[in-house]
Amino acid sequence: MIRWLNGGRGLSREAIVGLSLVSVYLVFTALFWAYPFFWLAKLSVTQWRFFDEPTFVGVRNFVRAVQDPQFLGALWNVVRFLALYLPIAFGGALLVAFGLQHVGRGRAFVALCFLLSNVSSGVALSLVFLKIFSSTGPLNNSLYAAIGVRIPWTNEPTLAMLAIALVVAWKFVGYYGLIVYSGLLTVPRELYDAARLDHAGRWTRLVRITLPMLNPQLMMVLTFAILVAFGLFTEPYLITGGGPADSTATPQMIIYETAFRRLQPSHAATMSIIISLGSYLLVVLARRLFEKKVVIA
Amino acid sequence: MRTRLSALLRSKTPGGWLVTIAIYALALTWLYPFAWMVTASLKPTAQIYTTGLFAGNWTLDNFRFLLATADKLDRPFLAALGISALVTVSVTASVLVTSAFIAFALARLRFPGRKLFGDFLLLQMVIPTTMFILPLFVLVKELGLLNSLAALVLPFMMSGWGIYMMSQSFRSMPEEYFDAARLDRASLWQTVTKVVMPLNTSIIAIVALFTFTGTWDNFLWPLIAISEADRMPLSVLLATFSKQYGGYAGPVMAGAVLQTLPLAVLFLLFRRQFLQGMALSLK
């Protein structure tokens, strides 16, 4: 038997085993990560149509991308999505977190109910919501029976975006709620006791103690929400198909269409680089604006 | 028993009970799309929109149509189910084994460049994967793997995220276990499979569950890499079927049930590890 765990003498067997294990991953990552990375960089500064030789065009791709009205529209759609999604996501997450804190015994059951949507199939449930939101679907049928109106979910730009935001929120609120709940557990009880002595009401305690103490968790939710907004593809692709009139077309959908329907990979590669930088910058900006270091003095 | 129940009843005010009931009601509402999906898949298409949730003539015709008749429409769902299962199981098994060994090296072995490797994994996790889909397509095309199972398996056989998550968990193991393994002259294989893995089942379950779900439900990549219907995994075949034959609401919902079922079953089986693992990943 080889002694391979022998403390740390020179380039020991331990170091050799460690290095060879790690190099397996490095070979894999060189092929399926670094090489595509190189190609992406190359595509962004060349003109290529899948079959010909790439020709160097410098920054012309970037200039073209930032002037493409469809691409700019898709970026604006990210903003419209976030405007609808963030209130629902934060409201839902707080509701779930306080709910979990309140129920006590049935906590695991409630958490599982909210989390099932998070781990189940995005494709399948998009198709289900396509039916649920349709003009003769169950949602409109019960609305019609109750108050006599039908909501044209997929025919009006804001309603279509709201439908997407609701579906995505349905999927992620349980997860966000669990994040916020894990933060609630760390708030020291003495803070509330002290506040009660000062006759602070329920609302004051929420705004002055709970929410500030939850800042790290709420920042995490905000970060995830921004990344979700930029990565959106399956839900709008299957539920609205980007319509009406591109009002729910997301950057990922535009990139997919440009690369594989219109066969303009250079243009698509440039857009995907801009999107990645954009999501990164928005996350950094959000952190600058809202992240607070909370210190209990 | 009765005293316990009355103690439980007295533990909350009437208002508190109202809130509790509201929370349970909301939690059950969250399951409504699943209930609607399952019942719709069991009704004739004509009754899906016209009957109440639990009303209608129950039948398995939609599943029969999907698994037998759809074949004649060039929509081989049975084959797609097999492809999805094969791809998902291979990717998950490969990610688990490679992550466990490499994470063990990263967490417990001393070798030059160890810290650099950990930083590199973090960098990889920060860069969004959707950015790589287009150049990955170029690579897979160059390798001549378009429309093959290999296109769905090879690029996902290892996971930086899996390695990182497992190494975080392995790092907190007491050194005594490894002293004992050293004394017993355990081999690398024995150390990882007999010592490390049994003591970290929670994180392994989490990596397995997320890898399984992510691979089974992956949509954009197979949509790009596979264009022939008889090579498509279930997620893509179902979506193209729904786009082309949207009127067949019953069979589409039956397909949605098939696509959801393995994920829901796994989630319920591993719910304990999952909740633990969620808490782990939130730290």
# chains A, B, ... in the order shown; residues from 1 in each chain; ligands from 1
>>> interface_residues(of="chain B", to="chain A", cutoff="6 Å", atoms="only C-alpha atoms", output="PyMOL selection string")
chain B and resi 20+27+49+102+105+109-111+131+135-136+155+217+256+260+263
>>> write_last_selection(atoms="C-alpha atoms", output="short mmCIF file (atom, residue, chain, number, x, y, z; two decimals), in the first residue's frame")
data_model
loop_
_atom_site.label_atom_id
_atom_site.label_comp_id
_atom_site.auth_asym_id
_atom_site.auth_seq_id
_atom_site.Cartn_x
_atom_site.Cartn_y
_atom_site.Cartn_z
CA THR B 20 -51.53 30.79 11.07
CA ALA B 27 -48.76 27.87 1.26
CA TYR B 49 -61.05 24.79 -19.37
CA ILE B 102 -11.18 17.48 -6.17
CA ALA B 105 -7.76 17.86 -2.52
CA LEU B 109 -4.27 18.28 0.88
CA ARG B 110 -1.28 20.62 0.88
CA PHE B 111 0.05 21.38 -2.57
CA MET B 131 -22.36 34.15 -21.66
CA PRO B 135 -18.93 29.99 -27.94
CA LEU B 136 -19.68 26.57 -26.42
CA PRO B 155 -19.53 20.14 -21.15
CA ASP B 217 -34.63 21.02 -16.70
CA ALA B 256 -45.46 18.66 -18.07
CA THR B 260 -41.96 17.62 -13.18
CA LEU B 263 -37.86 16.50 -9.62
#
>>> residues_around(residues="segment 203-207 of chain A", least_positions_apart="4", cutoff="12 Å", atoms="only C-alpha atoms", output="ChimeraX atom specification")
/A:94,98,184,187,189,191-199,211-215
>>> residues_around(residues="segment 172-181 of chain B", least_positions_apart="4", cutoff="9 Å", atoms="only C-alpha atoms", output="MDAnalysis selection string")
(chainID A and resid 5) or (chainID B and resid 107:108 167:168 185:187 190:191 195:196 199:200)
>>> write_last_selection(atoms="C-alpha atoms", output="PDB file, in the first residue's frame")
ATOM      1  CA  LEU A   5      -0.781  11.037   3.240  1.00  0.00           C
TER       2      LEU A   5
ATOM      3  CA  ALA B 107      -9.859  21.248   1.389  1.00  0.00           C
ATOM      4  CA  ARG B 108      -7.433  18.798   2.972  1.00  0.00           C
ATOM      5  CA  SER B 167     -14.704  21.823  -0.127  1.00  0.00           C
ATOM      6  CA  GLN B 168     -16.361  24.331   2.239  1.00  0.00           C
ATOM      7  CA  ARG B 185      -2.982   3.306   5.624  1.00  0.00           C
ATOM      8  CA  ALA B 186      -6.208   4.053   3.791  1.00  0.00           C
ATOM      9  CA  SER B 187      -5.817   4.715   0.074  1.00  0.00           C
ATOM     10  CA  GLN B 190     -10.876   4.659   0.631  1.00  0.00           C
ATOM     11  CA  THR B 191     -10.315   7.975   2.400  1.00  0.00           C
ATOM     12  CA  VAL B 195     -14.427   8.638   5.481  1.00  0.00           C
ATOM     13  CA  VAL B 196     -15.231  11.917   3.741  1.00  0.00           C
ATOM     14  CA  LEU B 199     -19.678  12.322   6.953  1.00  0.00           C
ATOM     15  CA  ASN B 200     -20.882  14.982   4.472  1.00  0.00           C
TER      16      ASN B 200
END
>>> residues_around(residues="segment 28-44 of chain B", least_positions_apart="5", cutoff="6 Å", atoms="only C-alpha atoms", output="count of residues only")
7
>>> atom_distance(atom1="atom CA of Arg271 of chain B", atom2="atom CA of Phe212 of chain B")
14.6 Å
>>> closest_residue(among="A:Pro236, A:Leu185, A:Leu82, A:Val294", to="Thr223 of chain A", atoms="only C-alpha atoms")
A:Leu82
>>> closest_residue(among="B:Met165, B:Leu81, B:Val97, B:Ile133", to="Gly118 of chain B", atoms="only C-alpha atoms")
B:Met165
>>> closest_residue(among="B:Thr88, B:Thr213, B:Asn218, B:Thr193", to="Ala100 of chain B", atoms="only C-alpha atoms")
B:Thr193
>>> residues_around(residues="Leu96 of chain B", least_positions_apart="6", cutoff="9 Å", atoms="only C-alpha atoms", output="PyMOL selection string")
chain B and resi 158-159+162-163+204+207-208+211
>>> atom_distance(atom1="atom CA of Asn155 of chain A", atom2="atom CA of Leu220 of chain B")
25.1 Å
>>> closest_residue(among="A:Asp246, A:Ile239, A:Phe224, A:Gly92", to="Leu26 of chain B", atoms="only C-alpha atoms")
A:Gly92
